[in-house]
Amino acid sequence: REPSQGREPVPGQESKEPKAPKEFVALGDVDPTILQEIRYITPHNFTGRPVKGYRRPVCLLTRPAALALHRVQRGLLRRGYTLKVYDCYRPQRAVASFVAWGKDLSDQRMKREFYPRVDKSRLFEDGYIAEKSGHSRGSTMDLTVVRLPAVPTRPYVPGERLVPCHAPKWQRFPDNSLDMGTGYDCMDTLSHTLDPRVRGQRKANRLLLKSSMEAAGFVNLPQEWWHYTYRTEPFPDTYFDFPVSYRSVHGLSLIHERP
């Protein structure tokens, strides 16, 4: 399994953590060919630090959403591509940490990359930060398309020079994704899926992802080219708060994780 990362519970508290309903699975158990680059367990995100609630770099989803994603992957593999997920199920505690970060106007360490053209005081008003997220229902994911063979993305080094997420791809932080016109989690109107300024191959790449996902029953959030929700999600009104870890779906009897 993956090495220990993220925020770990105090020894002895693991059994007190909420567990996922039986309808949740680890995506790797359904389709191990889908790449996983879970950003929020690393400091390379708009907060600049690992996010509360992420214990392992693993994508958790409801089983129907994972199976639908597997169908998308089969079609893309035949065309020489693969999916890559950046985020899947997101615990409510992580969403709450985003809200707290958004209210702290003094913390702008990652502004240059993730929201270079937006004043942080407008992140709530403009809809970039909210107190509830569809990710917490377990059938929403952030993802992209990668051409095969995939070249691994190098690790982010905290403190390295940041480049605006709307800059040309060759200038941005390296990502093995197809060029979608912006980087992931770019808080900018250029991230709108059908923004008319995105043309040519970048538009075609967004439409490849969009058409592939929609054919399998997913719906895109128009403001974010990377954000999709399974249309017939099993928990449309429930927001969960179990941690992102193998233990949440497998239990202590099936997999060992270091405390």
# chains A, B, ... in the order shown; residues from 1 in each chain; ligands from 1
>>> residues_around(residues="stretch 124-127 of chain A", least_positions_apart="6", cutoff="9 Å", atoms="only C-alpha atoms", output="PyMOL selection string")
chain A and resi 99+102-103
>>> closest_atom_pairs(of="stretch 179-245 of chain A", to="stretch 134-142 of chain A", cutoff="7 Å", atoms="only C-alpha atoms", output="CSV")
residue,atom,partner,partner_atom,distance
A:Trp226,CA,A:Asp142,CA,5.0
A:His227,CA,A:Asp142,CA,4.6
A:Tyr228,CA,A:Thr140,CA,5.6
A:Thr229,CA,A:Thr140,CA,4.2
A:Tyr230,CA,A:Ser139,CA,5.6
A:Glu233,CA,A:Ser139,CA,5.8
A:Phe235,CA,A:Arg137,CA,5.8
A:Pro236,CA,A:Arg137,CA,6.6
A:Thr238,CA,A:Arg137,CA,5.7
A:Tyr239,CA,A:Ser136,CA,4.9
A:Phe240,CA,A:Ser136,CA,5.4
>>> write_last_selection(atoms="C-alpha atoms", output="tab-separated table (two decimals), in the first residue's frame")
chain	number	residue	atom	x	y	z
A	226	TRP	CA	-12.39	18.92	-14.14
A	227	HIS	CA	-15.51	18.49	-11.94
A	228	TYR	CA	-18.06	15.71	-12.61
A	229	THR	CA	-20.90	14.10	-10.63
A	230	TYR	CA	-22.60	10.78	-11.32
A	233	GLU	CA	-25.76	9.24	-7.18
A	235	PHE	CA	-26.58	9.72	-1.60
A	236	PRO	CA	-27.86	12.96	-3.16
A	238	THR	CA	-26.02	13.12	2.54
A	239	TYR	CA	-22.66	14.70	3.35
A	240	PHE	CA	-20.19	12.28	4.95
>>> closest_atom_pairs(of="stretch 73-119 of chain A", to="stretch 27-50 of chain A", cutoff="10 Å", atoms="only C-alpha atoms", output="CSV")
residue,atom,partner,partner_atom,distance
A:Gln73,CA,A:Ile34,CA,7.0
A:Arg74,CA,A:Thr33,CA,9.5
A:Leu77,CA,A:Thr33,CA,9.2
A:Thr82,CA,A:Ile34,CA,6.4
A:Leu83,CA,A:Ile34,CA,5.4
A:Lys84,CA,A:Leu35,CA,4.4
A:Val85,CA,A:Gln36,CA,5.0
A:Tyr86,CA,A:Ile38,CA,4.6
A:Asp87,CA,A:Ile38,CA,5.4
A:Cys88,CA,A:Ile38,CA,8.2
A:Arg90,CA,A:Tyr40,CA,9.3
A:Ala94,CA,A:Tyr40,CA,9.0
A:Ser97,CA,A:Thr47,CA,9.2
A:Phe98,CA,A:Thr47,CA,7.6
A:Trp101,CA,A:Thr47,CA,6.9
A:Gly102,CA,A:Thr47,CA,8.7
A:Asp107,CA,A:Thr47,CA,8.1
A:Gln108,CA,A:Thr47,CA,8.0
A:Arg109,CA,A:Gly48,CA,6.6
A:Met110,CA,A:Phe46,CA,5.5
A:Lys111,CA,A:Phe46,CA,7.2
A:Arg112,CA,A:Phe46,CA,9.6
A:Glu113,CA,A:Phe46,CA,7.9
A:Phe114,CA,A:Phe46,CA,5.7
A:Tyr115,CA,A:Phe46,CA,8.0
>>> write_last_selection(atoms="N, CA, C and O atoms", output="mmCIF file, in the first residue's frame")
data_model
loop_
_atom_site.group_PDB
_atom_site.id
_atom_site.type_symbol
_atom_site.label_atom_id
_atom_site.label_comp_id
_atom_site.auth_asym_id
_atom_site.auth_seq_id
_atom_site.Cartn_x
_atom_site.Cartn_y
_atom_site.Cartn_z
ATOM 1 N N GLN A 73 -13.105 4.709 -18.559
ATOM 2 C CA GLN A 73 -11.706 4.328 -18.723
ATOM 3 C C GLN A 73 -11.526 3.307 -19.840
ATOM 4 O O GLN A 73 -10.588 3.407 -20.645
ATOM 5 N N ARG A 74 -12.418 2.333 -19.932
ATOM 6 C CA ARG A 74 -12.299 1.323 -20.986
ATOM 7 C C ARG A 74 -12.320 1.967 -22.368
ATOM 8 O O ARG A 74 -11.561 1.587 -23.267
ATOM 9 N N LEU A 77 -8.956 3.996 -22.879
ATOM 10 C CA LEU A 77 -7.795 3.132 -23.084
ATOM 11 C C LEU A 77 -7.706 2.665 -24.532
ATOM 12 O O LEU A 77 -6.608 2.578 -25.101
ATOM 13 N N THR A 82 -5.754 7.639 -20.694
ATOM 14 C CA THR A 82 -6.206 7.159 -19.395
ATOM 15 C C THR A 82 -6.779 8.317 -18.602
ATOM 16 O O THR A 82 -6.390 9.477 -18.801
ATOM 17 N N LEU A 83 -7.698 8.013 -17.718
ATOM 18 C CA LEU A 83 -8.172 9.002 -16.759
ATOM 19 C C LEU A 83 -7.141 9.177 -15.652
ATOM 20 O O LEU A 83 -6.374 8.259 -15.345
ATOM 21 N N LYS A 84 -7.159 10.359 -15.031
ATOM 22 C CA LYS A 84 -6.393 10.599 -13.810
ATOM 23 C C LYS A 84 -7.266 11.409 -12.866
ATOM 24 O O LYS A 84 -7.790 12.452 -13.252
ATOM 25 N N VAL A 85 -7.438 10.922 -11.637
ATOM 26 C CA VAL A 85 -8.256 11.634 -10.662
ATOM 27 C C VAL A 85 -7.357 12.450 -9.743
ATOM 28 O O VAL A 85 -6.305 12.004 -9.299
ATOM 29 N N TYR A 86 -7.806 13.686 -9.471
ATOM 30 C CA TYR A 86 -7.128 14.568 -8.524
ATOM 31 C C TYR A 86 -7.794 14.513 -7.152
ATOM 32 O O TYR A 86 -7.149 14.720 -6.122
ATOM 33 N N ASP A 87 -9.104 14.309 -7.129
ATOM 34 C CA ASP A 87 -9.850 14.271 -5.873
ATOM 35 C C ASP A 87 -11.144 13.508 -6.120
ATOM 36 O O ASP A 87 -11.703 13.563 -7.224
ATOM 37 N N CYS A 88 -11.615 12.803 -5.096
ATOM 38 C CA CYS A 88 -12.854 12.026 -5.222
ATOM 39 C C CYS A 88 -13.746 12.367 -4.029
ATOM 40 O O CYS A 88 -14.109 13.519 -3.860
ATOM 41 N N ARG A 90 -14.639 13.658 -0.554
ATOM 42 C CA ARG A 90 -13.982 14.676 0.278
ATOM 43 C C ARG A 90 -14.749 14.803 1.585
ATOM 44 O O ARG A 90 -15.938 15.146 1.562
ATOM 45 N N ALA A 94 -12.817 18.419 5.668
ATOM 46 C CA ALA A 94 -11.939 19.067 4.694
ATOM 47 C C ALA A 94 -12.610 20.311 4.125
ATOM 48 O O ALA A 94 -11.972 21.360 3.960
ATOM 49 N N SER A 97 -12.369 23.023 6.528
ATOM 50 C CA SER A 97 -11.024 23.621 6.564
ATOM 51 C C SER A 97 -10.831 24.590 5.405
ATOM 52 O O SER A 97 -10.138 25.599 5.537
ATOM 53 N N PHE A 98 -11.460 24.300 4.257
ATOM 54 C CA PHE A 98 -11.407 25.242 3.130
ATOM 55 C C PHE A 98 -12.108 26.553 3.497
ATOM 56 O O PHE A 98 -11.640 27.638 3.164
ATOM 57 N N TRP A 101 -9.926 28.493 5.828
ATOM 58 C CA TRP A 101 -8.824 29.087 5.064
ATOM 59 C C TRP A 101 -9.311 30.299 4.267
ATOM 60 O O TRP A 101 -8.638 31.329 4.205
ATOM 61 N N GLY A 102 -10.492 30.187 3.663
ATOM 62 C CA GLY A 102 -11.024 31.277 2.862
ATOM 63 C C GLY A 102 -11.286 32.535 3.663
ATOM 64 O O GLY A 102 -11.208 33.651 3.124
ATOM 65 N N ASP A 107 -3.569 34.634 4.808
ATOM 66 C CA ASP A 107 -2.886 33.470 4.235
ATOM 67 C C ASP A 107 -3.110 33.452 2.723
ATOM 68 O O ASP A 107 -4.154 33.018 2.250
ATOM 69 N N GLN A 108 -2.127 33.929 2.002
ATOM 70 C CA GLN A 108 -2.234 33.972 0.552
ATOM 71 C C GLN A 108 -0.988 33.369 -0.102
ATOM 72 O O GLN A 108 -0.562 33.778 -1.181
ATOM 73 N N ARG A 109 -0.430 32.361 0.560
ATOM 74 C CA ARG A 109 0.841 31.794 0.104
ATOM 75 C C ARG A 109 0.738 31.161 -1.293
ATOM 76 O O ARG A 109 1.735 31.114 -2.018
ATOM 77 N N MET A 110 -0.456 30.669 -1.674
ATOM 78 C CA MET A 110 -0.582 29.993 -2.961
ATOM 79 C C MET A 110 -1.344 30.819 -3.998
ATOM 80 O O MET A 110 -1.729 30.302 -5.048
ATOM 81 N N LYS A 111 -1.557 32.094 -3.699
ATOM 82 C CA LYS A 111 -2.334 32.951 -4.598
ATOM 83 C C LYS A 111 -1.757 32.990 -6.008
ATOM 84 O O LYS A 111 -2.506 32.893 -6.997
ATOM 85 N N ARG A 112 -0.465 33.116 -6.142
ATOM 86 C CA ARG A 112 0.148 33.307 -7.456
ATOM 87 C C ARG A 112 -0.209 32.162 -8.410
ATOM 88 O O ARG A 112 -0.337 32.377 -9.616
ATOM 89 N N GLU A 113 -0.367 30.949 -7.890
ATOM 90 C CA GLU A 113 -0.706 29.827 -8.776
ATOM 91 C C GLU A 113 -2.201 29.627 -8.923
ATOM 92 O O GLU A 113 -2.701 29.496 -10.037
ATOM 93 N N PHE A 114 -2.957 29.605 -7.818
ATOM 94 C CA PHE A 114 -4.324 29.103 -7.867
ATOM 95 C C PHE A 114 -5.416 30.168 -8.008
ATOM 96 O O PHE A 114 -6.506 29.854 -8.477
ATOM 97 N N TYR A 115 -5.166 31.398 -7.600
ATOM 98 C CA TYR A 115 -6.181 32.449 -7.785
ATOM 99 C C TYR A 115 -5.500 33.793 -8.051
ATOM 100 O O TYR A 115 -5.761 34.782 -7.386
#
>>> atom_distance(atom1="atom CA of A:Thr153", atom2="atom CA of A:His250")
28.3 Å
>>> residues_around(residues="A:Ala68", least_positions_apart="3", cutoff="10 Å", atoms="only C-alpha atoms", output="list in words")
Arg63, Pro64, Ala65, Arg71, Val72, Gln73, Met213, Ala215, Ala216, Gly217, Phe218 and Tyr230 of chain A
>>> closest_atom_pairs(of="stretch 56-172 of chain A", to="stretch 197-206 of chain A", cutoff="10 Å", atoms="only C-alpha atoms", output="CSV")
residue,atom,partner,partner_atom,distance
A:Thr144,CA,A:Arg206,CA,8.6
A:Val145,CA,A:Asn205,CA,7.9
A:Val146,CA,A:Asn205,CA,9.9
>>> residues_around(residues="A:Pro243", least_positions_apart="5", cutoff="7 Å", atoms="only C-alpha atoms", output="ChimeraX atom specification")
/A:53-55,91,248
>>> write_last_selection(atoms="N, CA and C atoms", output="PDB file, in the first residue's frame")
ATOM      1  N   GLY A  53      -8.390  15.523   7.071  1.00  0.00           N
ATOM      2  CA  GLY A  53      -9.275  14.428   6.674  1.00  0.00           C
ATOM      3  C   GLY A  53      -8.703  13.504   5.627  1.00  0.00           C
ATOM      4  N   TYR A  54      -7.573  13.897   5.009  1.00  0.00           N
ATOM      5  CA  TYR A  54      -6.927  13.052   4.001  1.00  0.00           C
ATOM      6  C   TYR A  54      -5.802  12.265   4.658  1.00  0.00           C
ATOM      7  N   ARG A  55      -5.968  10.953   4.768  1.00  0.00           N
ATOM      8  CA  ARG A  55      -4.996  10.100   5.452  1.00  0.00           C
ATOM      9  C   ARG A  55      -4.140   9.296   4.474  1.00  0.00           C
ATOM     10  N   PRO A  91     -14.136  14.517   2.732  1.00  0.00           N
ATOM     11  CA  PRO A  91     -14.881  14.592   3.992  1.00  0.00           C
ATOM     12  C   PRO A  91     -15.320  16.017   4.315  1.00  0.00           C
ATOM     13  N   SER A 248     -11.240   3.244   5.954  1.00  0.00           N
ATOM     14  CA  SER A 248     -12.632   3.697   5.937  1.00  0.00           C
ATOM     15  C   SER A 248     -13.539   2.765   5.136  1.00  0.00           C
TER      16      SER A 248
END
>>> select_by_dssp(residues="stretch 32-201 of chain A", states="helix (DSSP H, G or I)", output="number ranges by chain")
A: 39-41, 63-78, 92-103, 111-114, 120-122, 134-137, 189-191, 200-201
>>> select_by_dssp(residues="stretch 58-145 of chain A", states="strand (DSSP E or B)", output="PyMOL selection string")
chain A and resi 60-62+81-87+140-145
